[in-house]
Each structure stands twice: as C-alpha cells, then as structure tokens.
$ cat data10.txt   # compact mmCIF, C-alpha atoms
# COMPACT_ATOMS: atom_id res chain seq x y z
CA VAL S 329 0.00 0.00 0.00
CA GLY S 330 2.60 2.48 -1.13
CA ALA S 331 2.35 6.11 -2.11
CA SER S 332 2.33 5.58 -5.88
CA LEU S 333 0.08 3.93 -8.43
CA GLU S 334 2.71 3.98 -11.16
CA PHE S 335 3.34 0.75 -13.04
CA LEU S 336 7.07 0.12 -13.37
CA ASP S 337 7.96 -1.74 -16.54
CA PRO S 338 10.30 -4.64 -15.63
CA GLY S 339 12.48 -3.63 -18.56
CA PHE S 340 13.68 -4.99 -21.88
CA THR S 341 16.77 -5.18 -24.06
CA ALA S 342 16.94 -5.20 -27.87
CA LEU S 343 20.14 -6.23 -29.65
CA SER S 344 21.00 -6.37 -33.34
CA GLY S 345 22.55 -9.43 -34.91
CA SER S 346 25.96 -7.83 -34.44
CA GLY S 347 25.30 -7.12 -30.75
CA GLU S 348 24.43 -3.42 -31.10
CA ASP S 349 22.10 -2.22 -28.34
CA LEU S 350 18.87 -0.97 -29.97
CA SER S 351 16.81 -0.66 -26.77
CA ASP S 352 16.35 3.09 -27.07
CA ARG S 353 14.62 2.58 -30.44
CA VAL S 354 11.93 0.26 -29.06
CA LYS S 355 8.39 1.63 -29.11
CA VAL S 356 6.09 0.56 -26.24
CA GLU S 357 2.32 0.66 -26.68
CA GLY S 358 -0.38 -0.17 -24.16
CA GLU S 359 -1.29 0.83 -20.62
CA VAL S 360 -1.48 -0.86 -17.24
CA ILE S 361 -3.94 0.61 -14.74
CA PRO S 362 -2.80 -0.62 -11.31
CA TYR S 363 -6.11 0.10 -9.54
CA LEU S 364 -8.22 -1.92 -12.01
CA ALA S 365 -7.81 -5.68 -11.70
CA GLY S 366 -7.46 -7.56 -14.97
CA GLU S 367 -5.04 -8.50 -17.73
CA TYR S 368 -3.22 -5.91 -19.83
CA GLU S 369 -1.04 -6.23 -22.90
CA LEU S 370 2.05 -4.16 -23.63
CA VAL S 371 3.37 -4.33 -27.18
CA TYR S 372 7.11 -3.74 -27.76
CA SER S 373 8.04 -3.07 -31.39
CA LEU S 374 11.19 -2.26 -33.32
CA GLU S 375 11.45 -1.24 -36.96
CA ASN S 376 14.62 -1.09 -39.04
CA GLN S 377 15.47 1.35 -41.82
CA ALA S 378 14.07 -1.03 -44.41
CA GLY S 379 10.67 -0.90 -42.74
CA GLU S 380 10.93 -4.42 -41.35
CA ARG S 381 9.16 -4.68 -38.00
CA ILE S 382 9.37 -7.07 -35.11
CA GLU S 383 7.11 -7.01 -32.09
CA LEU S 384 6.62 -8.89 -28.85
CA THR S 385 3.72 -8.78 -26.40
CA ARG S 386 3.98 -8.83 -22.62
CA THR S 387 0.89 -9.72 -20.58
CA VAL S 388 0.61 -8.00 -17.20
CA THR S 389 -1.93 -9.28 -14.67
CA VAL S 390 -3.20 -6.95 -11.96
CA GLU S 391 -4.59 -9.11 -9.17
CA PRO S 392 -6.86 -7.63 -6.49
CA LEU S 393 -5.49 -7.68 -2.97
CA GLN S 394 -7.58 -9.50 -0.42
CA VAL S 395 -9.47 -7.57 2.24
CA PRO S 396 -10.47 -9.52 5.38
CA GLU S 397 -14.10 -10.47 5.80
CA THR S 398 -16.15 -8.22 8.05
CA VAL S 399 -16.55 -9.57 11.58
CA GLN S 400 -19.33 -8.42 13.88
CA PRO S 401 -18.06 -7.71 17.41
CA ASN S 402 -19.07 -10.07 20.21
CA GLU S 403 -20.13 -7.20 22.45
CA ARG S 404 -22.14 -4.05 21.90
CA THR S 405 -19.68 -1.69 20.26
CA ILE S 406 -19.55 1.93 19.19
CA TYR S 407 -16.99 3.03 16.61
CA LEU S 408 -16.58 6.81 16.92
CA THR S 409 -15.11 8.26 13.71
CA PHE S 410 -13.99 11.81 12.98
CA ASP S 411 -13.66 13.31 9.49
CA ASP S 412 -11.94 16.35 7.99
CA GLY S 413 -9.24 16.90 10.62
CA PRO S 414 -6.82 17.28 12.10
CA GLY S 415 -7.68 20.79 13.21
CA PRO S 416 -7.62 23.16 16.18
CA TYR S 417 -9.81 20.91 18.38
CA THR S 418 -8.06 17.59 17.71
CA ALA S 419 -5.63 17.92 20.62
CA GLN S 420 -8.52 18.64 23.00
CA LEU S 421 -10.29 15.53 21.71
CA LEU S 422 -7.18 13.38 22.12
CA ASP S 423 -6.74 14.59 25.70
CA LEU S 424 -10.32 13.56 26.49
CA LEU S 425 -9.98 10.16 24.81
CA ALA S 426 -6.80 9.48 26.79
CA ARG S 427 -8.59 10.18 30.08
CA TYR S 428 -11.23 7.56 29.29
CA ASN S 429 -8.86 5.19 27.44
CA VAL S 430 -11.23 5.23 24.46
CA LYS S 431 -9.90 4.53 20.97
CA VAL S 432 -11.47 6.05 17.85
CA THR S 433 -10.78 6.48 14.14
CA PHE S 434 -9.68 9.62 12.33
CA PHE S 435 -10.27 9.96 8.58
CA VAL S 436 -7.83 12.73 7.85
CA THR S 437 -7.17 15.43 5.26
CA CYS S 438 -4.29 17.70 4.30
CA MET S 439 -6.29 20.89 4.74
CA GLU S 440 -4.71 22.08 8.02
CA PRO S 441 -0.95 21.48 7.77
CA ASP S 442 -0.31 23.32 11.04
CA TYR S 443 -2.07 20.45 12.85
CA GLU S 444 -0.59 17.58 10.85
CA ASP S 445 1.42 16.39 13.87
CA MET S 446 -1.85 15.44 15.57
CA ILE S 447 -2.00 12.48 13.19
CA GLY S 448 1.24 11.14 14.59
CA ARG S 449 0.06 11.70 18.14
CA ALA S 450 -3.27 9.95 17.51
CA TYR S 451 -1.48 6.98 15.93
CA ARG S 452 0.97 6.65 18.83
CA GLU S 453 -1.90 6.76 21.30
CA GLY S 454 -3.59 3.77 19.66
CA HIS S 455 -6.19 5.37 17.43
CA SER S 456 -6.81 4.25 13.86
CA ILE S 457 -5.91 6.57 10.99
CA GLY S 458 -7.69 6.42 7.65
CA ILE S 459 -7.58 8.40 4.42
CA HIS S 460 -10.40 10.85 3.79
CA CYS S 461 -8.90 13.14 1.15
CA ALA S 462 -6.16 15.69 0.67
CA GLU S 463 -8.37 18.60 -0.43
CA HIS S 464 -12.10 18.36 0.24
CA ASP S 465 -13.18 19.63 -3.17
CA TYR S 466 -15.73 17.24 -4.67
CA TYR S 467 -15.38 18.57 -8.19
CA THR S 468 -11.64 18.00 -8.11
CA VAL S 469 -11.60 14.69 -6.27
CA TYR S 470 -14.30 13.10 -8.43
CA ALA S 471 -13.24 14.59 -11.75
CA SER S 472 -11.70 11.25 -12.76
CA GLU S 473 -10.18 8.14 -11.27
CA GLU S 474 -6.74 9.62 -11.85
CA ALA S 475 -7.73 12.80 -10.00
CA PHE S 476 -9.19 10.79 -7.13
CA PHE S 477 -6.09 8.67 -6.64
CA ASP S 478 -3.77 11.64 -6.99
CA ASP S 479 -5.60 13.26 -4.08
CA PHE S 480 -5.88 9.95 -2.20
CA TYR S 481 -2.17 9.24 -2.29
CA ARG S 482 -1.28 12.77 -1.22
CA ALA S 483 -3.18 12.05 1.98
CA GLN S 484 -1.53 8.64 2.24
CA ALA S 485 1.91 10.22 1.94
CA MET S 486 1.08 12.66 4.74
CA ILE S 487 -0.06 9.79 6.97
CA TYR S 488 3.18 7.95 6.27
CA ARG S 489 5.22 11.04 7.17
CA GLN S 490 3.49 11.22 10.52
CA THR S 491 3.16 7.55 11.44
CA GLY S 492 5.80 5.65 9.47
CA SER S 493 3.03 3.34 8.23
CA TYR S 494 0.60 3.22 5.33
CA THR S 495 -3.05 2.87 6.26
CA ARG S 496 -5.54 0.59 4.51
CA LEU S 497 -8.64 2.33 5.89
CA CYS S 498 -10.47 5.05 3.97
CA ARG S 499 -13.69 7.00 3.74
CA PHE S 500 -14.89 8.67 0.57
CA PRO S 501 -15.62 12.40 0.71
CA GLY S 502 -19.39 12.54 1.07
CA GLY S 503 -19.51 8.77 1.66
CA SER S 504 -19.88 6.05 -0.95
CA SER S 505 -23.54 7.02 -1.44
CA ASN S 506 -22.81 10.63 -2.36
CA THR S 507 -24.58 12.14 -5.36
CA VAL S 508 -22.39 15.25 -5.60
CA SER S 509 -20.16 13.11 -7.85
CA SER S 510 -23.04 12.52 -10.30
CA PHE S 511 -21.45 14.92 -12.79
CA ASN S 512 -19.10 11.96 -13.45
CA LYS S 513 -21.51 9.12 -14.11
CA GLY S 514 -20.68 5.84 -12.35
CA ILE S 515 -17.48 7.00 -10.69
CA MET S 516 -18.48 5.83 -7.20
CA THR S 517 -19.30 2.36 -8.53
CA ARG S 518 -15.86 2.24 -10.10
CA LEU S 519 -13.98 3.73 -7.14
CA THR S 520 -15.52 1.48 -4.51
CA ALA S 521 -14.31 -1.52 -6.52
CA SER S 522 -10.91 0.05 -7.17
CA VAL S 523 -10.02 0.82 -3.57
CA ARG S 524 -10.86 -2.74 -2.56
CA ASN S 525 -8.80 -4.09 -5.45
CA LEU S 526 -5.90 -2.14 -3.96
CA GLY S 527 -6.40 -3.79 -0.57
CA TYR S 528 -8.20 -0.93 1.17
CA GLN S 529 -11.43 -1.10 3.14
CA TYR S 530 -13.77 1.83 2.89
CA PHE S 531 -16.14 2.81 5.67
CA ASP S 532 -19.38 4.73 5.63
CA TRP S 533 -21.51 5.23 8.79
CA ASP S 534 -24.86 4.15 10.19
CA VAL S 535 -25.21 6.84 12.86
CA ASP S 536 -24.87 10.47 11.77
CA SER S 537 -24.30 13.10 14.45
CA ASN S 538 -25.46 15.67 11.87
CA ASP S 539 -22.68 17.99 13.05
CA ALA S 540 -22.02 18.95 9.43
CA GLY S 541 -25.71 19.48 8.82
CA GLY S 542 -28.39 21.26 10.80
CA THR S 543 -27.27 20.33 14.31
CA LYS S 544 -25.04 23.06 15.71
CA THR S 545 -25.26 22.46 19.48
CA THR S 546 -23.45 20.04 21.75
CA ALA S 547 -26.73 18.86 23.28
CA GLY S 548 -28.08 18.15 19.81
CA ILE S 549 -25.01 16.10 18.88
CA VAL S 550 -25.26 14.05 22.08
CA LYS S 551 -28.95 13.38 21.38
CA ASN S 552 -28.36 12.36 17.77
CA VAL S 553 -25.54 9.97 18.61
CA THR S 554 -26.99 8.33 21.72
CA GLU S 555 -30.44 7.87 20.17
CA GLY S 556 -28.82 6.55 17.01
CA CYS S 557 -26.70 4.00 18.86
CA ALA S 558 -29.35 2.89 21.37
CA GLY S 559 -30.36 -0.73 20.86
CA ARG S 560 -27.85 -1.39 18.09
CA ARG S 561 -25.30 -4.21 18.26
CA SER S 562 -22.66 -2.04 16.61
CA SER S 563 -22.62 1.53 15.33
CA VAL S 564 -20.22 3.48 13.15
CA VAL S 565 -20.71 7.11 14.16
CA LEU S 566 -19.89 10.07 11.92
CA GLN S 567 -18.52 13.21 13.59
CA HIS S 568 -16.05 15.94 12.63
CA ASP S 569 -13.18 16.99 14.89
CA ILE S 570 -13.10 20.38 13.15
CA LYS S 571 -16.43 21.21 14.84
CA ASP S 572 -15.91 22.48 18.41
CA TYR S 573 -19.49 21.74 19.47
CA SER S 574 -19.15 18.16 18.22
CA VAL S 575 -15.85 17.59 20.04
CA ALA S 576 -17.51 19.00 23.18
CA ALA S 577 -20.17 16.28 22.94
CA VAL S 578 -17.77 13.34 23.02
CA GLU S 579 -17.42 13.08 26.80
CA GLN S 580 -21.17 12.83 27.31
CA ILE S 581 -21.38 10.24 24.51
CA ILE S 582 -18.64 8.16 26.14
CA ILE S 583 -20.26 8.33 29.57
CA TRP S 584 -23.64 7.32 28.10
CA GLY S 585 -22.04 4.43 26.22
CA LEU S 586 -20.12 3.05 29.17
CA ARG S 587 -23.16 3.30 31.46
CA ASN S 588 -25.22 1.38 28.93
CA GLY S 589 -22.76 -1.46 28.42
CA TYR S 590 -21.07 -0.36 25.20
CA THR S 591 -17.42 -0.81 24.31
CA PHE S 592 -15.67 1.83 22.21
CA ARG S 593 -13.25 0.60 19.56
CA ALA S 594 -11.18 1.93 16.68
CA LEU S 595 -11.89 0.53 13.23
CA ASP S 596 -9.66 -2.06 11.61
CA LEU S 597 -9.83 -3.98 8.32
CA SER S 598 -12.34 -6.50 9.66
CA SER S 599 -14.65 -4.04 11.44
CA PRO S 600 -18.26 -3.49 10.35
CA THR S 601 -18.16 -1.20 7.32
CA ALA S 602 -21.65 0.37 7.47
CA HIS S 603 -21.57 0.51 3.67
CA HIS S 604 -24.24 2.66 2.07
CA ARG S 605 -26.13 1.90 -1.10
CA ILE S 606 -24.11 3.38 -3.94
CA ALA S 607 -26.15 5.99 -5.82
CA ASN S 608 -23.72 6.77 -8.64
$ encode --input "data10.txt" --output "structure tokens"
Amino acid sequence: VGASLEFLDPGFTALSGSGEDLSDRVKVEGEVIPYLAGEYELVYSLENQAGERIELTRTVTVEPLQVPETVQPNERTIYLTFDDGPGPYTAQLLDLLARYNVKVTFFVTCMEPDYEDMIGRAYREGHSIGIHCAEHDYYTVYASEEAFFDDFYRAQAMIYRQTGSYTRLCRFPGGSSNTVSSFNKGIMTRLTASVRNLGYQYFDWDVDSNDAGGTKTTAGIVKNVTEGCAGRRSSVVLQHDIKDYSVAAVEQIIIWGLRNGYTFRALDLSSPTAHHRIAN
C-alpha cells in the first residue's frame, strides 16, 4: 500500500545481430492501470530502416489484494469516527480520549498542515488513521479516477510522514452514497471496486451526528448519537473533529455508552463497514 500507483515496466533489451544495443529505439504501446484488476497487454516493437518490423507482447496481470471479511463484534460496540481533521480541536479531543482510554478512528485530510502532527500523536496513542482526502473539493476529487487517486495518495503520503506506516482504511468524501459526484456518471461504482482491489477497506456510517448538517449544538449532537446507537449491536458514528461543538459532545457520549454497556473501539480492516447503497 505504497504512495504511488505507477506501473514500473520490468524492462527490456533489444540487440542487433551484431550485438548493437537498440533498446532506445523500441516503441512501447499499451497501458497498465494498477487500480483496475485484470489483464493488460504491452506491445514492444522495433522497426529497421528497411521498414521491417518485429514485435513482442507482454501480458501484465493486476490481481486484487484481499481484504479480510467483516466480523461483527461479540459485544455491543460503538466506533466513533472523525472526518476532515486534524484541526484546532483535535488535541482537545485526544486529551479527552486518553482520560477515558477510548480509541477512535480519524479519517484525515491535508487541509490544516499546522495540525498535521496530531495524526502522529493519535497513531501513537492507539487510534486508527484512515484516508479521507487531501483537499475536500468534490469537483476535483471526483473529476476522474486519476484525480481521485492523486488526491488519495497525497493524503496517504502525509499519513506515512506522521506515522511511518501506510493505512488501509479510507472514507470517501461525502460517503460512498454521495450524489455530488453525479457529474461523473458511475465513478463511485468504479472507485468502490478500485479501492478494494488495492487492498483498502472503505467505511461509511450508520449513525450520523449531523454535526455537518443542521445540528449546531453540543446537546443536539449528544442526542443524535446516543439515540442513534441505542439498541444497536454495533454503530459506526460520523462526527467531525473540526467542529468544536461536536468535540464538546464526546465526553457525554462516552459516559452514556459506558453506562449502557457499550465498548468503544477503533476501526480495523475486519470491522463493520456500514456501507451505504451506492447511488452513482
């Protein structure tokens, strides 16, 4: 799960009958798309001054990486997740989580470089780190698969700088069910398959705090999350650590969860994914 999607040709050598190296005159045609599983053909051709041509074909197979099967937890579990950070309230959130020894998941961006070190701190303190995006601009991110992965791997590179590890967790901007990408027909159908081919697991949510919507108070966030989680075996909760009123709600959410027999966990590759129905 490196920071590049470039296919590196394993190389070739072309020699004349007299042993002259003609490799620099070889024409290579074809393309390998590393994020789309399948078989690709590269054609290597060489033509002499008399117009005589020789060509060879190389078949390249892109095999999808395996993602573990989803496993439902044995106990009632809440997965708190935070998008769009790190930001000015992330340190405050980490301090609170440390006091309660609660682990969560951060789907991070590159939008606040002054707080990038919070990613390293969160990782060292046992929280999960996932890719959200580099720049949260839907019309850029979803312009094409190439644009998406260019943005995606910028965020991955930042995570590696801070943690020394590549993550295999991700969340699409707007979630997999977003319709803001509908200007590019079918891109979410293609991207959800592509990220899994690359060995990533993407996560949506089944409890929305609505902190990026109409709920702008701490009390409202607490109500949305606790009522959403109540009675559920497991819940993947969407919050944003760039919202001060949402971060302020976390302590009350934790206290409610612990009093009601819930365990808080960070996501991993086998956690419940809360996948939405893809609408594009």
$ residues_around --input "data10.txt" --residues "Glu375 (chain S)" --least-positions-apart "6" --cutoff "12 Å" --atoms "all atoms listed in the file" --output "MDAnalysis selection string"
chainID S and resid 342 344 350:355 381:383
$ atom_distance --input "data10.txt" --atom1 "CA of Ala521 (chain S)" --atom2 "CA of Gln567 (chain S)"
25.3 Å
$ atom_distance --input "data10.txt" --atom1 "CA of Ala450 (chain S)" --atom2 "CA of Gly413 (chain S)"
11.5 Å
$ closest_residue --input "data10.txt" --among "S:Arg496, S:Arg560, S:Arg452, S:His568" --to "Thr405 (chain S)" --atoms "all atoms listed in the file"
S:Arg560
$ residues_around --input "data10.txt" --residues "region 572-581 of chain S" --least-positions-apart "3" --cutoff "6 Å" --atoms "all atoms listed in the file" --output "PyMOL selection string"
chain S and resi 545-546+550+569+584
$ closest_residue --input "data10.txt" --among "S:Asp465, S:Glu348, S:Asp445, S:Asp412" --to "Gln490 (chain S)" --atoms "only C-alpha atoms"
S:Asp445
$ build_atoms --input "data10.txt" --residues "region 478-504 of chain S" --atoms "N, CA and C atoms" --output "short mmCIF file (atom, residue, chain, number, x, y, z; two decimals), in the frame of the given file"
data_model
loop_
_atom_site.label_atom_id
_atom_site.label_comp_id
_atom_site.auth_asym_id
_atom_site.auth_seq_id
_atom_site.Cartn_x
_atom_site.Cartn_y
_atom_site.Cartn_z
N ASP S 478 -4.79 10.64 -7.25
CA ASP S 478 -3.77 11.64 -6.99
C ASP S 478 -4.01 12.30 -5.63
N ASP S 479 -5.24 12.67 -5.36
CA ASP S 479 -5.60 13.26 -4.08
C ASP S 479 -5.44 12.24 -2.95
N PHE S 480 -5.91 11.04 -3.18
CA PHE S 480 -5.88 9.95 -2.20
C PHE S 480 -4.46 9.68 -1.71
N TYR S 481 -3.54 9.59 -2.65
CA TYR S 481 -2.17 9.24 -2.29
C TYR S 481 -1.39 10.42 -1.71
N ARG S 482 -1.85 11.63 -1.95
CA ARG S 482 -1.28 12.77 -1.22
C ARG S 482 -1.59 12.64 0.26
N ALA S 483 -2.81 12.26 0.58
CA ALA S 483 -3.18 12.05 1.98
C ALA S 483 -2.43 10.86 2.55
N GLN S 484 -2.29 9.81 1.77
CA GLN S 484 -1.53 8.64 2.24
C GLN S 484 -0.09 9.00 2.55
N ALA S 485 0.53 9.81 1.71
CA ALA S 485 1.91 10.22 1.94
C ALA S 485 2.03 11.03 3.23
N MET S 486 1.05 11.89 3.51
CA MET S 486 1.08 12.66 4.74
C MET S 486 0.97 11.73 5.96
N ILE S 487 0.08 10.75 5.87
CA ILE S 487 -0.06 9.79 6.97
C ILE S 487 1.25 9.05 7.21
N TYR S 488 1.90 8.65 6.12
CA TYR S 488 3.18 7.95 6.27
C TYR S 488 4.24 8.85 6.93
N ARG S 489 4.26 10.12 6.55
CA ARG S 489 5.22 11.04 7.17
C ARG S 489 5.03 11.11 8.69
N GLN S 490 3.79 11.06 9.11
CA GLN S 490 3.49 11.22 10.52
C GLN S 490 3.55 9.92 11.32
N THR S 491 3.28 8.80 10.68
CA THR S 491 3.16 7.55 11.44
C THR S 491 4.22 6.51 11.08
N GLY S 492 4.86 6.67 9.92
CA GLY S 492 5.80 5.65 9.47
C GLY S 492 5.12 4.42 8.91
N SER S 493 3.80 4.48 8.74
CA SER S 493 3.03 3.34 8.23
C SER S 493 2.02 3.83 7.19
N TYR S 494 1.68 2.94 6.27
CA TYR S 494 0.60 3.22 5.33
C TYR S 494 -0.69 2.63 5.89
N THR S 495 -1.76 3.37 5.81
CA THR S 495 -3.05 2.87 6.26
C THR S 495 -3.76 2.14 5.13
N ARG S 496 -4.69 1.26 5.50
CA ARG S 496 -5.54 0.59 4.51
C ARG S 496 -7.01 0.89 4.77
N LEU S 497 -7.27 1.91 5.60
CA LEU S 497 -8.64 2.33 5.89
C LEU S 497 -8.92 3.63 5.14
N CYS S 498 -10.13 3.81 4.66
CA CYS S 498 -10.47 5.05 3.97
C CYS S 498 -11.96 5.33 4.06
N ARG S 499 -12.30 6.57 3.85
CA ARG S 499 -13.69 7.00 3.74
C ARG S 499 -13.79 8.00 2.60
N PHE S 500 -14.72 7.77 1.71
CA PHE S 500 -14.89 8.67 0.57
C PHE S 500 -15.46 10.02 1.02
N PRO S 501 -14.98 11.11 0.46
CA PRO S 501 -15.62 12.40 0.71
C PRO S 501 -17.10 12.34 0.35
N GLY S 502 -17.96 12.64 1.31
CA GLY S 502 -19.39 12.54 1.07
C GLY S 502 -19.95 11.14 1.24
N GLY S 503 -19.08 10.15 1.54
CA GLY S 503 -19.51 8.77 1.66
C GLY S 503 -19.68 8.10 0.31
N SER S 504 -19.76 6.77 0.32
CA SER S 504 -19.88 6.05 -0.95
C SER S 504 -21.21 6.30 -1.64
#
